[in-house]
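See structure below.
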Amino acid sequence: MGGRRAHRDVYQWRPWIVMIPRFGMMVTRDGARSGLILPGRYLVRRSRTMGQMMYRRT
């Protein structure tokens, strides 16, 4: 059962610090878009439909 819980935790927002710029999906109040993720503090989670990491500025 521990594996299932860890699997679900991937879809919860958690704090993340980005130190190297990367391309990814950024979530804003207008929706999600792909673009350059600049260094800084973000909340991150895995997208259920797209399977990639989603970033939200904190």
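Going through the structure tokens in order, the chains are called A, B, and so on, while each chain numbers its residues from 1 and the ligands are numbered from 1 in the order shown.
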message: DSSP on the backbone: which residues in chain A end up as strand (DSSP E)? Give the answer as a ChimeraX atom specification.
response: /A:14-18,22-28,31-37,40-46,53-57
query: as a list in words, which residues of chain A does DSSP assign to alpha helix (DSSP H)?
result: Gly2, Gly3, Arg4, Arg5, Ala6, His7, Arg8 and Asp9 of chain A
Generate the output file for the selected residues, all heavy atoms, as a compact mmCIF listing (two decimals), in the first residue's frame.
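File written: result.txt
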# COMPACT_ATOMS: atom_id res chain seq x y z
N GLY A 2 2.05 1.19 0.56
CA GLY A 2 2.90 2.36 0.60
C GLY A 2 3.22 2.89 -0.79
O GLY A 2 3.32 4.08 -1.01
N GLY A 3 3.36 1.98 -1.77
CA GLY A 3 3.64 2.40 -3.14
C GLY A 3 2.49 3.18 -3.74
O GLY A 3 2.69 4.13 -4.49
N ARG A 4 1.28 2.79 -3.42
CA ARG A 4 0.12 3.51 -3.96
C ARG A 4 0.02 4.92 -3.41
O ARG A 4 -0.31 5.84 -4.11
CB ARG A 4 -1.16 2.75 -3.65
CG ARG A 4 -1.29 1.50 -4.46
CD ARG A 4 -2.62 0.86 -4.21
NE ARG A 4 -2.73 -0.35 -4.98
CZ ARG A 4 -3.86 -0.93 -5.26
NH1 ARG A 4 -4.97 -0.44 -4.78
NH2 ARG A 4 -3.89 -2.02 -5.98
N ARG A 5 0.32 5.08 -2.14
CA ARG A 5 0.26 6.41 -1.55
C ARG A 5 1.29 7.32 -2.19
O ARG A 5 1.02 8.45 -2.53
CB ARG A 5 0.49 6.34 -0.05
CG ARG A 5 0.43 7.71 0.57
CD ARG A 5 0.54 7.67 2.05
NE ARG A 5 0.50 9.04 2.52
CZ ARG A 5 0.94 9.44 3.66
NH1 ARG A 5 1.46 8.58 4.48
NH2 ARG A 5 0.88 10.70 3.99
N ALA A 6 2.52 6.81 -2.38
CA ALA A 6 3.57 7.61 -3.01
C ALA A 6 3.16 7.97 -4.43
O ALA A 6 3.44 9.07 -4.90
CB ALA A 6 4.88 6.83 -3.01
N HIS A 7 2.48 7.07 -5.12
CA HIS A 7 2.03 7.34 -6.48
C HIS A 7 1.05 8.51 -6.49
O HIS A 7 1.12 9.36 -7.36
CB HIS A 7 1.40 6.08 -7.07
CG HIS A 7 0.91 6.25 -8.47
ND1 HIS A 7 1.73 6.67 -9.49
CD2 HIS A 7 -0.31 6.08 -9.01
CE1 HIS A 7 1.03 6.75 -10.60
NE2 HIS A 7 -0.21 6.38 -10.34
N ARG A 8 0.14 8.57 -5.53
CA ARG A 8 -0.84 9.65 -5.47
C ARG A 8 -0.20 10.96 -5.07
O ARG A 8 -0.62 12.03 -5.49
CB ARG A 8 -1.97 9.30 -4.50
CG ARG A 8 -3.03 8.45 -5.16
CD ARG A 8 -4.19 8.27 -4.24
NE ARG A 8 -3.97 7.03 -3.52
CZ ARG A 8 -4.16 6.86 -2.23
NH1 ARG A 8 -4.62 7.82 -1.49
NH2 ARG A 8 -3.93 5.71 -1.66
N ASP A 9 0.85 10.92 -4.24
CA ASP A 9 1.51 12.14 -3.78
C ASP A 9 2.16 12.90 -4.93
O ASP A 9 2.38 14.10 -4.83
CB ASP A 9 2.56 11.81 -2.72
CG ASP A 9 1.91 11.42 -1.40
OD1 ASP A 9 0.70 11.66 -1.23
OD2 ASP A 9 2.63 10.87 -0.55
query: Got a sec: who's within 9 Å of range 13-26 of chain A, counting only C-alpha atoms, leaving out chain neighbours fewer than 3 positions off, as number ranges by chain?
result: A: 9-10, 31-46, 52-58
